[in-house]
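> run_39.txt is reproduced below (compact mmCIF, C-alpha atoms).
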# COMPACT_ATOMS: atom_id res chain seq x y z
CA MET A 1 50.65 10.33 19.99
CA THR A 2 51.26 13.85 21.27
CA VAL A 3 48.54 16.49 21.77
CA ALA A 4 49.44 19.41 19.52
CA GLY A 5 51.02 22.30 21.38
CA SER A 6 50.79 20.69 24.83
CA GLY A 7 53.71 18.35 24.86
CA HIS A 8 51.50 15.69 26.54
CA SER A 9 51.31 12.19 25.20
CA ILE A 10 48.15 10.13 24.79
CA ALA A 11 48.40 6.39 25.18
CA ASP A 12 47.29 4.16 22.33
CA ALA A 13 43.89 2.54 22.80
CA PRO A 14 44.03 -1.10 23.92
CA ALA A 15 43.35 -3.73 21.26
CA TRP A 16 40.08 -4.87 22.88
CA LEU A 17 38.69 -1.33 22.65
CA LEU A 18 39.73 -0.97 19.02
CA GLU A 19 38.01 -4.29 18.21
CA ARG A 20 34.79 -3.20 19.90
CA SER A 21 34.76 0.16 18.12
CA GLN A 22 34.76 -1.46 14.67
CA PRO A 23 31.41 -1.87 12.89
CA PRO A 24 30.29 -5.48 12.51
CA PRO A 25 31.20 -7.10 9.18
CA ARG A 26 28.56 -6.68 6.48
CA VAL A 27 26.88 -9.89 5.53
CA ALA A 28 24.92 -9.99 2.30
CA THR A 29 21.52 -11.52 3.04
CA ALA A 30 18.27 -11.44 1.17
CA PRO A 31 15.43 -10.05 3.31
CA TYR A 32 13.00 -12.55 1.78
CA LEU A 33 12.84 -15.51 -0.53
CA VAL A 34 11.17 -15.29 -3.95
CA VAL A 35 9.34 -18.49 -4.78
CA PRO A 36 9.69 -19.26 -8.50
CA LEU A 37 6.36 -20.49 -9.85
CA ASP A 38 5.08 -21.20 -13.33
CA LEU A 39 2.11 -19.17 -14.60
CA SER A 40 -0.57 -21.75 -13.74
CA ARG A 41 0.58 -21.93 -10.10
CA ARG A 42 0.75 -18.13 -9.86
CA VAL A 43 -2.81 -17.94 -11.22
CA ASP A 44 -4.00 -20.52 -8.67
CA ARG A 45 -2.40 -18.58 -5.82
CA ALA A 46 -3.77 -15.29 -7.14
CA ARG A 47 -7.28 -16.77 -7.40
CA ARG A 48 -7.12 -17.94 -3.75
CA TYR A 49 -5.84 -14.51 -2.72
CA VAL A 50 -8.64 -12.68 -4.56
CA SER A 51 -11.27 -14.99 -3.04
CA ARG A 52 -10.30 -13.69 0.43
CA VAL A 53 -10.61 -10.00 -0.46
CA PRO A 54 -14.01 -8.47 0.29
CA GLY A 55 -15.79 -7.08 -2.77
CA ALA A 56 -15.43 -3.37 -3.40
CA VAL A 57 -18.37 -1.18 -2.40
CA SER A 58 -18.94 2.23 -3.93
CA GLY A 59 -18.55 4.99 -1.36
CA GLN A 60 -16.67 2.72 1.05
CA GLY A 61 -13.16 2.70 -0.39
CA GLY A 62 -14.18 0.65 -3.42
CA HIS A 63 -11.72 2.36 -5.75
CA GLN A 64 -8.81 1.73 -3.36
CA THR A 65 -9.82 -1.89 -2.78
CA THR A 66 -10.10 -2.59 -6.51
CA TRP A 67 -6.80 -0.81 -7.22
CA LEU A 68 -5.06 -2.93 -4.56
CA VAL A 69 -6.46 -6.13 -6.05
CA ALA A 70 -5.29 -5.09 -9.53
CA LEU A 71 -1.89 -4.22 -8.06
CA ALA A 72 -1.67 -7.59 -6.30
CA LEU A 73 -2.49 -9.44 -9.51
CA VAL A 74 -0.19 -7.56 -11.87
CA ARG A 75 2.70 -6.79 -9.55
CA GLY A 76 2.29 -9.07 -6.55
CA PHE A 77 1.73 -12.29 -8.51
CA ASP A 78 3.55 -11.01 -11.61
CA LEU A 79 0.67 -11.93 -13.91
CA PRO A 80 0.35 -10.75 -17.51
CA THR A 81 -2.20 -7.93 -17.78
CA GLU A 82 -4.74 -10.03 -19.70
CA VAL A 83 -4.63 -12.81 -17.10
CA ALA A 84 -4.90 -10.25 -14.30
CA TYR A 85 -7.90 -8.66 -16.01
CA GLU A 86 -9.64 -12.05 -16.36
CA LEU A 87 -9.22 -12.76 -12.63
CA LEU A 88 -10.31 -9.26 -11.65
CA ALA A 89 -13.38 -9.43 -13.91
CA GLY A 90 -14.32 -13.04 -13.25
CA ASP A 91 -13.39 -13.64 -9.62
CA PHE A 92 -13.51 -10.23 -7.95
CA ASN A 93 -15.94 -8.03 -9.87
CA PRO A 94 -19.08 -10.16 -9.28
CA ARG A 95 -18.74 -9.39 -5.55
CA CYS A 96 -18.47 -5.61 -6.08
CA GLU A 97 -21.36 -3.19 -5.50
CA PRO A 98 -21.92 -2.02 -8.15
CA PRO A 99 -19.77 -4.12 -10.48
CA TRP A 100 -17.08 -2.25 -12.42
CA SER A 101 -17.32 -1.88 -16.20
CA GLU A 102 -14.86 -3.72 -18.44
CA ARG A 103 -13.27 -0.37 -19.34
CA GLU A 104 -12.77 0.56 -15.66
CA LEU A 105 -11.24 -2.81 -14.78
CA ARG A 106 -8.89 -2.76 -17.78
CA HIS A 107 -7.81 0.76 -16.83
CA LYS A 108 -7.00 -0.35 -13.26
CA VAL A 109 -4.98 -3.35 -14.45
CA GLU A 110 -3.12 -1.35 -17.09
CA SER A 111 -2.32 1.50 -14.72
CA ALA A 112 -1.13 -0.96 -12.04
CA ALA A 113 1.18 -2.54 -14.62
CA ARG A 114 2.40 0.79 -16.00
CA ASP A 115 2.48 3.19 -13.04
CA ALA A 116 2.88 1.19 -9.84
CA THR A 117 6.27 1.12 -8.17
CA ALA A 118 5.70 -2.13 -6.28
CA GLU A 119 8.26 -4.79 -7.11
CA ARG A 120 7.05 -7.59 -9.35
CA GLY A 121 6.49 -10.81 -7.43
CA TYR A 122 6.10 -9.23 -4.00
CA LEU A 123 3.34 -11.71 -3.11
CA LEU A 124 5.43 -14.66 -4.25
CA ARG A 125 7.69 -14.27 -1.26
CA ARG A 126 7.56 -16.75 1.56
CA LYS A 127 4.83 -16.26 4.12
CA GLY A 128 5.97 -14.11 7.01
CA SER A 129 8.19 -11.82 4.95
CA ARG A 130 7.98 -8.10 5.66
CA ILE A 131 6.21 -7.45 2.35
CA HIS A 132 3.67 -10.25 2.88
CA LEU A 133 2.89 -8.94 6.36
CA ALA A 134 2.55 -5.37 5.04
CA CYS A 135 -0.03 -6.57 2.50
CA LEU A 136 -2.02 -8.34 5.20
CA GLN A 137 -1.92 -5.15 7.30
CA THR A 138 -3.18 -3.10 4.32
CA TRP A 139 -6.20 -5.39 3.90
CA SER A 140 -6.81 -5.33 7.64
CA ASN A 141 -6.83 -1.52 7.64
CA ILE A 142 -9.30 -1.40 4.75
CA LYS A 143 -11.62 -3.87 6.48
CA GLU A 144 -11.48 -1.95 9.78
CA ARG A 145 -12.17 1.35 8.02
CA ASP A 146 -15.09 -0.12 6.08
CA ASP A 147 -16.53 -1.85 9.17
CA GLY A 148 -16.11 1.19 11.40
Here is a file; write its structure as structure tokens.

Amino acid sequence: MTVAGSGHSIADAPAWLLERSQPPPRVATAPYLVVPLDLSRRVDRARRYVSRVPGAVSGQGGHQTTWLVALALVRGFDLPTEVAYELLAGDFNPRCEPPWSERELRHKVESAARDATAERGYLLRRKGSRIHLACLQTWSNIKERDDG
């Protein structure tokens, strides 16, 4: 190769340098594994999940906590809205201060199903996935804020 207008030649790059300058080959990998579960197993897992979430307290992030539980049920465990409502009302709401009305709980479940952008089944991924760890961090942040 000659440098334009100079008459000087540039040597070709050695093969080893050309190899190192190439980007690594792209390998298609899934960042996490979705665990296929029938509805009864998803409900069991969702019930255990909800049992670990502290009840929502008015004036202490209660709306956000309840919204995240509704989101986890509808999107995270990919439950039908009626099943998600039953878990929210029966397993979570009794621990809330004050308890939410049926209308409020149905609204949270329906809006989580309709408006949320979270991918369906994000809590059905194997433990240790980035999404699972992000959910644990979210609950940790809520607990620290409420305790502090």
> Pick out the closest residue to Phe77 of chain A from this set: A:Glu97, A:Asp12, A:Glu19, A:Glu119. Count all atoms listed in the file.
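Smallest distance to Phe77 of chain A is found for A:Glu119.
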> What separation in Å, quoted to one decimal, exists between atom CA of Gly59 of chain A and atom CA of Cys96 of chain A?
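About the pair atom CA of Gly59 of chain A and atom CA of Cys96 of chain A: they are 11.6 Å apart.
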> Expressed in Å to a single decimal, how great is the separation between atom CA of Asp78 of chain A and atom CA of Glu104 of chain A?
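According to the coordinates, atom CA of Asp78 of chain A and atom CA of Glu104 of chain A are separated by 20.4 Å.
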> Might you pull out every residue within 10 Å of Ala84 of chain A, with only C-alpha atoms counted and same-chain residues fewer than 4 positions away left off, and present them as an NGL selection string?
:A and (43 or 46-47 or 69-75 or 77-80 or 88-90 or 105-106 or 109-110 or 113)
> Produce a file of the selected residues containing C-alpha atoms, as a compact mmCIF listing (two decimals), keeping the file's coordinate frame.

# COMPACT_ATOMS: atom_id res chain seq x y z
CA VAL A 43 -2.81 -17.94 -11.22
CA ALA A 46 -3.77 -15.29 -7.14
CA ARG A 47 -7.28 -16.77 -7.40
CA VAL A 69 -6.46 -6.13 -6.05
CA ALA A 70 -5.29 -5.09 -9.53
CA LEU A 71 -1.89 -4.22 -8.06
CA ALA A 72 -1.67 -7.59 -6.30
CA LEU A 73 -2.49 -9.44 -9.51
CA VAL A 74 -0.19 -7.56 -11.87
CA ARG A 75 2.70 -6.79 -9.55
CA PHE A 77 1.73 -12.29 -8.51
CA ASP A 78 3.55 -11.01 -11.61
CA LEU A 79 0.67 -11.93 -13.91
CA PRO A 80 0.35 -10.75 -17.51
CA LEU A 88 -10.31 -9.26 -11.65
CA ALA A 89 -13.38 -9.43 -13.91
CA GLY A 90 -14.32 -13.04 -13.25
CA LEU A 105 -11.24 -2.81 -14.78
CA ARG A 106 -8.89 -2.76 -17.78
CA VAL A 109 -4.98 -3.35 -14.45
CA GLU A 110 -3.12 -1.35 -17.09
CA ALA A 113 1.18 -2.54 -14.62
> Figure out the distance between atom CA of Tyr85 of chain A and atom CA of Arg103 of chain A, please, to one decimal in Å.
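Interatomic distance here is 10.4 Å.
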> Go through A:Asp38, A:Lys108, A:Glu86, A:Pro98 and flag the residue nearest Thr66 of chain A, using only C-alpha atoms for the distances.
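Selected residue with least distance to Thr66 of chain A: A:Lys108.
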> Put a box with edges along x, y and z around all the listed atoms of segment 115-127 of chain A, pad it by 5 Å on each side, then give me its centre and sizes in Å, one decimal, as AutoDock Vina command-line options.

--center_x 5.4 --center_y -6.8 --center_z -4.5 --size_x 15.8 --size_y 29.9 --size_z 27.2
> So, counting all atoms listed in the file, which residue among A:Leu123, A:Gly62, A:Arg48, A:Leu18 is closest to Leu87 of chain A?
A:Arg48
